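So this one's protein.cif, mmCIF, C-alpha atoms:
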```
data_start
loop_
_atom_site.label_atom_id
_atom_site.label_comp_id
_atom_site.auth_asym_id
_atom_site.auth_seq_id
_atom_site.Cartn_x
_atom_site.Cartn_y
_atom_site.Cartn_z
CA MET A 1 -107.55 68.75 -7.95
CA LEU A 2 -105.90 70.67 -10.79
CA ILE A 3 -102.89 71.52 -8.62
CA ALA A 4 -102.49 67.90 -7.47
CA VAL A 5 -102.72 66.46 -10.98
CA SER A 6 -100.38 69.12 -12.36
CA LEU A 7 -97.71 68.42 -9.74
CA VAL A 8 -97.88 64.68 -10.35
CA PHE A 9 -97.79 65.25 -14.10
CA ILE A 10 -94.54 67.22 -13.79
CA PHE A 11 -92.78 65.21 -11.07
CA ILE A 12 -93.40 61.78 -12.53
CA ARG A 13 -91.80 62.89 -15.79
CA PHE A 14 -88.69 64.09 -13.99
CA SER A 15 -88.43 60.98 -11.79
CA GLY A 16 -87.34 58.72 -14.65
CA ASP A 17 -87.80 57.85 -18.27
CA PRO A 18 -91.10 55.97 -18.76
CA ALA A 19 -89.96 54.75 -22.16
CA ALA A 20 -86.83 53.20 -20.64
CA ALA A 21 -88.94 51.53 -17.94
CA LEU A 22 -91.31 50.11 -20.54
CA ALA A 23 -88.62 48.88 -22.95
CA PRO A 24 -86.77 45.59 -22.35
CA PRO A 25 -83.65 45.82 -20.12
CA ASP A 26 -81.29 45.13 -23.01
CA ALA A 27 -83.05 47.49 -25.44
CA SER A 28 -80.92 49.82 -27.52
CA GLN A 29 -81.28 53.58 -27.49
CA GLU A 30 -83.01 53.39 -30.85
CA VAL A 31 -85.74 51.16 -29.39
CA ILE A 32 -86.13 53.48 -26.39
CA ASP A 33 -86.49 56.44 -28.75
CA GLN A 34 -89.23 54.58 -30.60
CA TYR A 35 -91.08 54.02 -27.32
CA THR A 36 -90.61 57.71 -26.48
CA GLU A 37 -92.14 58.74 -29.77
CA MET A 38 -94.98 56.23 -29.44
CA LEU A 39 -95.89 57.58 -25.97
CA GLY A 40 -95.69 61.18 -27.14
CA LEU A 41 -92.90 61.96 -24.69
CA ASP A 42 -90.78 63.52 -27.42
CA LYS A 43 -93.08 66.54 -27.53
CA PRO A 44 -92.48 69.63 -25.37
CA LEU A 45 -93.68 69.35 -21.79
CA TRP A 46 -96.18 72.17 -22.15
CA LEU A 47 -97.74 70.46 -25.17
CA GLN A 48 -98.00 67.15 -23.31
CA TYR A 49 -99.65 68.96 -20.41
CA THR A 50 -102.10 70.80 -22.66
CA ASN A 51 -103.08 67.61 -24.44
CA TYR A 52 -103.58 65.89 -21.09
CA LEU A 53 -105.90 68.63 -19.82
CA LYS A 54 -107.88 68.51 -23.07
CA GLY A 55 -108.31 64.77 -22.57
CA LEU A 56 -109.56 65.31 -18.99
CA ILE A 57 -112.15 67.80 -20.15
CA GLN A 58 -113.39 65.29 -22.75
CA GLY A 59 -113.43 62.43 -20.21
CA GLU A 60 -110.41 60.68 -21.75
CA PHE A 61 -108.06 59.66 -18.96
CA GLY A 62 -105.58 57.65 -20.99
CA TYR A 63 -104.50 54.04 -21.28
CA SER A 64 -102.15 51.91 -19.22
CA LEU A 65 -98.70 51.54 -20.74
CA HIS A 66 -98.52 47.86 -19.81
CA THR A 67 -101.98 46.51 -20.55
CA GLY A 68 -103.26 49.01 -23.12
CA ARG A 69 -106.59 49.16 -21.29
CA ALA A 70 -108.37 52.30 -20.18
CA VAL A 71 -107.08 53.36 -16.77
CA GLU A 72 -110.58 53.92 -15.36
CA ASP A 73 -111.49 50.29 -16.11
CA ILE A 74 -108.44 48.99 -14.23
CA PHE A 75 -109.14 51.40 -11.36
CA LEU A 76 -112.78 50.31 -11.03
CA GLU A 77 -111.70 46.65 -10.90
CA ARG A 78 -109.46 47.36 -7.90
CA LEU A 79 -111.72 49.89 -6.17
CA PRO A 80 -114.15 47.40 -4.50
CA PHE A 81 -111.25 45.68 -2.70
CA THR A 82 -109.94 48.99 -1.37
CA LEU A 83 -113.41 50.16 -0.31
CA ASN A 84 -114.02 46.84 1.45
CA LEU A 85 -110.77 47.21 3.36
CA GLY A 86 -111.13 50.93 4.06
CA ILE A 87 -114.76 50.87 5.19
CA THR A 88 -114.12 47.91 7.49
CA ALA A 89 -111.11 49.67 9.01
CA PHE A 90 -113.13 52.88 9.38
CA PHE A 91 -115.91 51.21 11.35
CA ILE A 92 -113.41 49.34 13.53
CA SER A 93 -111.61 52.57 14.41
CA LEU A 94 -114.83 54.57 14.86
CA PHE A 95 -116.75 52.12 17.06
CA CYS A 96 -113.69 51.28 19.14
CA GLY A 97 -111.92 54.65 19.35
CA VAL A 98 -114.83 56.98 20.08
CA PRO A 99 -116.31 54.97 23.01
CA LEU A 100 -112.82 54.56 24.50
CA GLY A 101 -112.24 58.31 24.30
CA PHE A 102 -115.61 59.18 25.82
CA TYR A 103 -115.15 56.61 28.59
CA ALA A 104 -111.69 58.00 29.37
CA ALA A 105 -113.10 61.54 29.53
CA LEU A 106 -115.80 60.49 32.00
CA ASN A 107 -113.09 58.92 34.18
CA ARG A 108 -110.51 61.65 33.81
CA GLY A 109 -107.35 61.15 35.90
CA SER A 110 -108.10 57.50 36.69
CA ASN A 111 -105.95 54.51 35.82
CA LEU A 112 -108.40 53.67 33.05
CA ASP A 113 -107.91 57.13 31.54
CA ARG A 114 -104.14 56.69 31.54
CA VAL A 115 -104.39 53.23 29.97
CA VAL A 116 -106.70 54.46 27.21
CA MET A 117 -104.53 57.48 26.44
CA GLY A 118 -101.39 55.33 26.50
CA PHE A 119 -103.01 52.95 24.05
CA SER A 120 -104.14 55.79 21.79
CA VAL A 121 -100.61 57.25 21.66
CA PHE A 122 -99.19 53.80 20.93
CA ALA A 123 -101.78 53.14 18.22
CA PHE A 124 -101.17 56.52 16.59
CA ALA A 125 -97.37 56.21 16.70
CA MET A 126 -97.15 52.55 15.66
CA PRO A 127 -96.31 52.29 11.93
CA ASN A 128 -99.05 50.23 10.33
CA PHE A 129 -96.58 48.33 8.16
CA LEU A 130 -94.72 47.18 11.29
CA PHE A 131 -97.93 46.14 13.03
CA GLY A 132 -99.04 44.31 9.88
CA LEU A 133 -95.74 42.45 9.57
CA LEU A 134 -95.94 41.42 13.22
CA MET A 135 -99.46 40.04 12.69
CA ILE A 136 -98.34 38.09 9.62
CA LEU A 137 -95.28 36.68 11.41
CA ILE A 138 -97.23 35.67 14.51
CA ALA A 139 -99.92 33.99 12.42
CA ALA A 140 -97.33 32.16 10.30
CA LEU A 141 -95.03 31.03 13.11
CA TRP A 142 -97.57 30.22 15.81
CA PHE A 143 -100.71 29.27 13.90
CA ASN A 144 -99.31 28.19 10.51
CA ALA A 145 -101.67 30.61 8.78
CA TYR A 146 -100.99 33.17 6.06
CA LEU A 147 -102.97 36.38 6.38
CA GLY A 148 -102.10 38.07 3.11
CA GLY A 149 -103.52 38.00 -0.38
CA GLU A 150 -107.01 36.72 0.46
CA ALA A 151 -109.73 39.17 -0.45
CA ALA A 152 -112.23 37.38 1.82
CA ASN A 153 -110.00 37.70 4.90
CA VAL A 154 -110.37 41.43 5.42
CA LEU A 155 -110.32 41.52 9.24
CA PHE A 156 -106.56 41.49 9.85
CA PRO A 157 -105.53 44.11 7.26
CA ALA A 158 -108.51 46.23 8.39
CA MET A 159 -107.33 46.02 12.00
CA THR A 160 -103.86 47.07 10.87
CA LEU A 161 -105.20 49.97 8.85
CA GLY A 162 -107.64 51.08 11.54
CA LEU A 163 -105.15 51.07 14.41
CA ALA A 164 -103.81 54.60 13.86
CA SER A 165 -107.29 56.02 13.22
CA MET A 166 -108.52 54.34 16.38
CA GLY A 167 -105.91 56.22 18.41
CA SER A 168 -106.86 59.51 16.74
CA PHE A 169 -110.57 58.98 17.38
CA ALA A 170 -109.90 58.15 21.05
CA ARG A 171 -107.78 61.26 21.61
CA PHE A 172 -110.16 63.62 19.79
CA SER A 173 -113.19 62.15 21.55
CA ARG A 174 -111.64 62.53 24.98
CA SER A 175 -110.46 66.11 24.51
CA SER A 176 -113.72 67.16 22.85
CA LEU A 177 -115.93 65.69 25.58
CA LEU A 178 -113.76 67.16 28.34
CA GLU A 179 -114.11 70.61 26.79
CA VAL A 180 -117.90 70.24 26.62
CA ILE A 181 -118.25 68.83 30.14
CA ASN A 182 -116.49 71.88 31.60
CA ALA A 183 -118.63 74.36 29.65
CA PRO A 184 -120.91 76.71 31.66
CA TYR A 185 -124.13 75.38 30.13
CA MET A 186 -123.30 71.90 31.46
CA TYR A 187 -123.07 73.29 35.00
CA ALA A 188 -126.33 75.14 34.39
CA ALA A 189 -128.01 71.91 33.27
CA GLU A 190 -126.76 70.16 36.39
CA ALA A 191 -128.03 73.01 38.56
CA ARG A 192 -131.49 72.65 36.99
CA GLY A 193 -131.55 69.05 38.18
CA ILE A 194 -131.23 67.35 34.78
CA LEU A 195 -130.14 63.76 35.26
CA PHE A 196 -126.56 62.80 34.40
CA HIS A 197 -127.40 60.45 31.53
CA ARG A 198 -129.69 63.06 29.96
CA ARG A 199 -126.99 65.75 30.26
CA MET A 200 -124.51 63.47 28.54
CA LEU A 201 -126.88 62.22 25.86
CA PHE A 202 -128.70 65.43 24.88
CA HIS A 203 -126.22 68.17 25.84
CA ALA A 204 -122.65 66.85 25.86
CA LEU A 205 -122.50 64.27 23.08
CA PRO A 206 -124.05 66.38 20.26
CA ASN A 207 -121.63 69.24 20.96
CA ALA A 208 -118.65 66.93 21.44
CA ALA A 209 -119.39 65.33 18.07
CA ILE A 210 -118.78 68.56 16.12
CA PRO A 211 -114.93 68.31 16.02
CA LEU A 212 -115.20 64.59 15.31
CA VAL A 213 -117.10 65.27 12.10
CA THR A 214 -113.97 66.79 10.58
CA LEU A 215 -111.88 63.76 11.55
CA ILE A 216 -114.53 61.40 10.21
CA GLY A 217 -114.67 63.33 6.93
CA LEU A 218 -110.90 63.17 6.50
CA SER A 219 -110.95 59.44 7.27
CA LEU A 220 -113.64 58.82 4.67
CA GLY A 221 -111.82 61.00 2.17
CA GLY A 222 -108.66 58.97 2.62
CA LEU A 223 -110.29 55.59 2.00
CA ILE A 224 -108.72 55.22 -1.44
CA ALA A 225 -105.18 56.41 -0.78
CA GLY A 226 -104.89 55.66 2.94
CA SER A 227 -104.30 51.93 2.57
CA VAL A 228 -101.25 51.95 0.28
CA VAL A 229 -98.80 50.53 2.83
CA THR A 230 -101.27 48.06 4.32
CA GLU A 231 -102.18 46.69 0.89
CA GLN A 232 -98.50 46.18 0.12
CA VAL A 233 -97.86 44.33 3.39
CA PHE A 234 -100.87 42.03 3.02
CA ALA A 235 -100.66 41.74 -0.79
CA TRP A 236 -104.18 43.15 -0.96
CA PRO A 237 -105.32 43.57 -4.58
CA GLY A 238 -106.57 47.13 -4.20
CA VAL A 239 -105.90 50.60 -5.52
CA GLY A 240 -102.97 51.18 -3.15
CA GLN A 241 -101.04 48.24 -4.52
CA LEU A 242 -101.91 49.35 -8.06
CA LEU A 243 -100.55 52.83 -7.29
CA VAL A 244 -97.22 51.51 -6.01
CA ARG A 245 -96.75 49.29 -9.04
CA SER A 246 -97.74 52.07 -11.42
CA VAL A 247 -95.23 54.47 -9.87
CA ALA A 248 -92.47 51.85 -9.98
CA THR A 249 -93.13 51.10 -13.66
CA ARG A 250 -93.75 54.74 -14.65
CA ASP A 251 -97.27 54.03 -15.82
CA LEU A 252 -98.07 57.70 -16.30
CA ALA A 253 -101.76 57.61 -17.12
CA MET A 254 -102.51 55.18 -14.29
CA VAL A 255 -100.72 57.24 -11.65
CA GLN A 256 -102.35 60.46 -12.83
CA PHE A 257 -105.83 58.94 -12.76
CA ILE A 258 -105.36 57.53 -9.24
CA VAL A 259 -104.15 60.91 -7.99
CA LEU A 260 -107.10 62.58 -9.68
CA SER A 261 -109.50 60.14 -7.98
CA VAL A 262 -107.89 60.63 -4.57
CA SER A 263 -108.03 64.42 -4.96
CA PHE A 264 -111.69 64.25 -5.94
CA THR A 265 -112.47 62.08 -2.91
CA MET A 266 -110.70 64.38 -0.47
CA VAL A 267 -112.22 67.56 -1.92
CA THR A 268 -115.71 66.05 -1.89
CA ALA A 269 -115.33 64.76 1.67
CA ASN A 270 -114.20 68.17 2.96
CA LEU A 271 -117.04 69.92 1.13
CA LEU A 272 -119.61 67.54 2.63
CA VAL A 273 -118.15 68.08 6.10
CA ASP A 274 -118.47 71.84 5.73
CA LEU A 275 -122.08 71.49 4.62
CA LEU A 276 -122.80 69.06 7.44
CA TYR A 277 -121.69 71.68 9.95
CA LEU A 278 -124.74 73.73 8.95
CA PHE A 279 -127.01 71.00 10.27
CA ILE A 280 -124.97 70.11 13.35
CA ASP A 281 -124.11 73.56 14.72
CA PRO A 282 -126.97 76.11 14.76
CA ARG A 283 -124.46 78.95 15.35
CA ILE A 284 -123.03 78.47 11.84
CA ARG A 285 -126.52 78.66 10.34
CA VAL A 286 -127.19 81.91 12.18
CA ASP A 287 -123.90 83.42 11.01
#
```
If you took the structure in this file and wrote it as structure tokens, what would it be?
Amino acid sequence: MLIAVSLVFIFIRFSGDPAAALAPPDASQEVIDQYTEMLGLDKPLWLQYTNYLKGLIQGEFGYSLHTGRAVEDIFLERLPFTLNLGITAFFISLFCGVPLGFYAALNRGSNLDRVVMGFSVFAFAMPNFLFGLLMILIAALWFNAYLGGEAANVLFPAMTLGLASMGSFARFSRSSLLEVINAPYMYAAEARGILFHRRMLFHALPNAAIPLVTLIGLSLGGLIAGSVVTEQVFAWPGVGQLLVRSVATRDLAMVQFIVLSVSFTMVTANLLVDLLYLFIDPRIRVD
């Protein structure tokens, strides 16, 4: 988290003058210098960085340059919209991708397997902004409906966001289940006369789910930052849209707080996944 925030702190200050972005377009250099002094940007970079870290330790994350409000308040206003979109997309990708991957693994080499894998590659490779624009154009031209900007209409942006994850879940599920099915203990279970559905349910699926836990953890960790492009396409009033606008307007404190929040989410998700392995895989507990 410290590395991520430090990099953003440095790069955003070298990407442009925040004072010039905040001042009116026809402002003189004297006015820009006043903004620079007011924002504390006239101080040495190391002193700005030290003061910023002191503020983080004290729970002071700064104020937006444009609204003057605390950045955490603005972030918390946008967060429910992003969580609504991200969680919906996550469940769409999980409950569609995993069964497709398992079904393709059980029918390996069939036409169904090739169709599912072709779809998963297409879903993973398809840019979500292109898929979102196509959905908006089709809805507007054929059905005279606009899909963007409505917080209640979460299905279409969630489908757009969940498409790539659906392809990843399908591919991981298929490869993981195929590896488990061909393991020696599966042949031993079949030799002992255990029924097929019991072998799949109590032997194959729990072991095949272990690699998926990592993918699920990464997907949950990316709920906040993973919808930036989709929110822009559908004019969704979430954190992703706030991040893009804050970067464009050089709203330093806002960008730094969003990056800090995303870093915290990813670090926490990965930590929980590692701890969850202790309960899923007995071999890790023994080690």
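Minimum atom-to-atom distances from A:Ala27, A:Ser120, A:Leu220, A:Leu56 to Asn270 in chain A were compared using all atoms listed in the file, and the lowest value belongs to A:Leu220.
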Which polymer residues have any atom within 10 Å of an atom of Pro99 in chain A, counting all atoms listed in the file, with same-chain residues fewer than 6 positions away left out, as an NGL selection string? :A and (105 or 169-170 or 173-174)
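Taking CA of Leu177 in chain A and CA of Ala208 in chain A as the two end points, the separation is 5.1 Å.
All polymer residues at most 12 Å from (-118.7, 66.5, 3.5), using all atoms listed in the file, appear as Val213, Thr214, Leu215, Ile216, Gly217, Leu218, Ser219, Leu220, Gly221, Phe264, Thr265, Met266, Val267, Thr268, Ala269, Asn270, Leu271, Leu272, Val273, Asp274, Leu275, Leu276, Tyr277, Leu278 and Phe279 of chain A.
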Rank A:Ala145, A:Gly162, A:Gly226, A:Met186 by their smallest atom-to-atom distance to Phe91 in chain A, using only C-alpha atoms, and report the top residue only. A:Gly162
Taken to one decimal, the CA of Val121 in chain A-CA of Leu163 in chain A distance is 10.6 Å
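The space separating CA of Arg192 in chain A from CA of Val98 in chain A comes to 28.4 Å.
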Could you tell me which residues the PyMOL selection byres ((chain A and resi 131) around 10) grabs in this file, written as a list in words?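 So the PyMOL selection byres ((chain A and resi 131) around 10), applied here, picks out Ala123, Met126, Pro127, Asn128, Phe129, Leu130, Gly132, Leu133, Leu134, Met135, Ile136, Leu137, Pro157, Met159, Thr160, Leu161, Leu163, Thr230 and Val233 of chain A.
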Emit a file covering range 84-154 of chain A of the preceding structure with C-alpha atoms, as a JSON list (two decimals), in the first residue's frame.
```
[["chain", "number", "residue", "atom", "x", "y", "z"],
["A", 84, "ASN", "CA", -23.64, -2.74, -6.60],
["A", 85, "LEU", "CA", -22.18, -2.98, -10.08],
["A", 86, "GLY", "CA", -19.13, -5.04, -9.10],
["A", 87, "ILE", "CA", -20.94, -7.58, -6.93],
["A", 88, "THR", "CA", -23.64, -8.11, -9.57],
["A", 89, "ALA", "CA", -20.98, -8.63, -12.24],
["A", 90, "PHE", "CA", -19.08, -11.00, -9.94],
["A", 91, "PHE", "CA", -22.06, -13.26, -9.36],
["A", 92, "ILE", "CA", -22.94, -13.25, -13.06],
["A", 93, "SER", "CA", -19.42, -14.31, -14.01],
["A", 94, "LEU", "CA", -19.13, -16.85, -11.17],
["A", 95, "PHE", "CA", -22.47, -18.63, -11.61],
["A", 96, "CYS", "CA", -22.17, -18.66, -15.40],
["A", 97, "GLY", "CA", -18.44, -19.23, -15.90],
["A", 98, "VAL", "CA", -17.76, -21.98, -13.36],
["A", 99, "PRO", "CA", -20.62, -24.32, -14.42],
["A", 100, "LEU", "CA", -19.67, -23.82, -18.09],
["A", 101, "GLY", "CA", -16.07, -24.74, -17.34],
["A", 102, "PHE", "CA", -17.00, -27.81, -15.30],
["A", 103, "TYR", "CA", -19.49, -28.95, -17.95],
["A", 104, "ALA", "CA", -16.85, -28.53, -20.68],
["A", 105, "ALA", "CA", -14.35, -30.57, -18.63],
["A", 106, "LEU", "CA", -16.84, -33.43, -18.20],
["A", 107, "ASN", "CA", -17.37, -33.43, -21.98],
["A", 108, "ARG", "CA", -13.76, -32.94, -23.00],
["A", 109, "GLY", "CA", -13.12, -33.05, -26.75],
["A", 110, "SER", "CA", -16.80, -32.73, -27.68],
["A", 111, "ASN", "CA", -18.38, -29.98, -29.75],
["A", 112, "LEU", "CA", -19.79, -28.51, -26.54],
["A", 113, "ASP", "CA", -16.29, -28.30, -25.07],
["A", 114, "ARG", "CA", -15.02, -26.44, -28.14],
["A", 115, "VAL", "CA", -17.97, -24.03, -28.08],
["A", 116, "VAL", "CA", -17.49, -23.25, -24.39],
["A", 117, "MET", "CA", -13.74, -22.73, -24.77],
["A", 118, "GLY", "CA", -14.28, -20.60, -27.87],
["A", 119, "PHE", "CA", -16.74, -18.46, -25.95],
["A", 120, "SER", "CA", -14.38, -18.15, -22.98],
["A", 121, "VAL", "CA", -11.52, -16.98, -25.22],
["A", 122, "PHE", "CA", -13.85, -14.51, -26.93],
["A", 123, "ALA", "CA", -15.17, -13.21, -23.60],
["A", 124, "PHE", "CA", -11.67, -12.82, -22.18],
["A", 125, "ALA", "CA", -10.29, -11.09, -25.30],
["A", 126, "MET", "CA", -13.28, -8.83, -25.96],
["A", 127, "PRO", "CA", -12.59, -5.30, -24.61],
["A", 128, "ASN", "CA", -15.39, -4.49, -22.20],
["A", 129, "PHE", "CA", -15.67, -0.92, -23.47],
["A", 130, "LEU", "CA", -16.33, -2.24, -26.99],
["A", 131, "PHE", "CA", -18.92, -4.72, -25.76],
["A", 132, "GLY", "CA", -20.56, -1.99, -23.68],
["A", 133, "LEU", "CA", -20.72, 0.42, -26.62],
["A", 134, "LEU", "CA", -22.26, -2.30, -28.80],
["A", 135, "MET", "CA", -24.94, -2.95, -26.16],
["A", 136, "ILE", "CA", -25.73, 0.77, -25.90],
["A", 137, "LEU", "CA", -25.90, 1.19, -29.69],
["A", 138, "ILE", "CA", -28.12, -1.87, -30.19],
["A", 139, "ALA", "CA", -30.47, -0.76, -27.43],
["A", 140, "ALA", "CA", -30.65, 2.79, -28.79],
["A", 141, "LEU", "CA", -31.06, 1.93, -32.48],
["A", 142, "TRP", "CA", -33.29, -1.13, -32.25],
["A", 143, "PHE", "CA", -35.22, -0.64, -29.01],
["A", 144, "ASN", "CA", -35.07, 3.15, -28.53],
["A", 145, "ALA", "CA", -33.70, 2.64, -25.02],
["A", 146, "TYR", "CA", -30.73, 4.25, -23.30],
["A", 147, "LEU", "CA", -28.80, 1.95, -20.99],
["A", 148, "GLY", "CA", -26.44, 4.41, -19.36],
["A", 149, "GLY", "CA", -26.61, 6.65, -16.33],
["A", 150, "GLU", "CA", -29.40, 4.85, -14.47],
["A", 151, "ALA", "CA", -28.29, 3.49, -11.12],
["A", 152, "ALA", "CA", -31.30, 1.16, -10.96],
["A", 153, "ASN", "CA", -30.50, -0.48, -14.31],
["A", 154, "VAL", "CA", -27.43, -2.41, -13.23]]
```
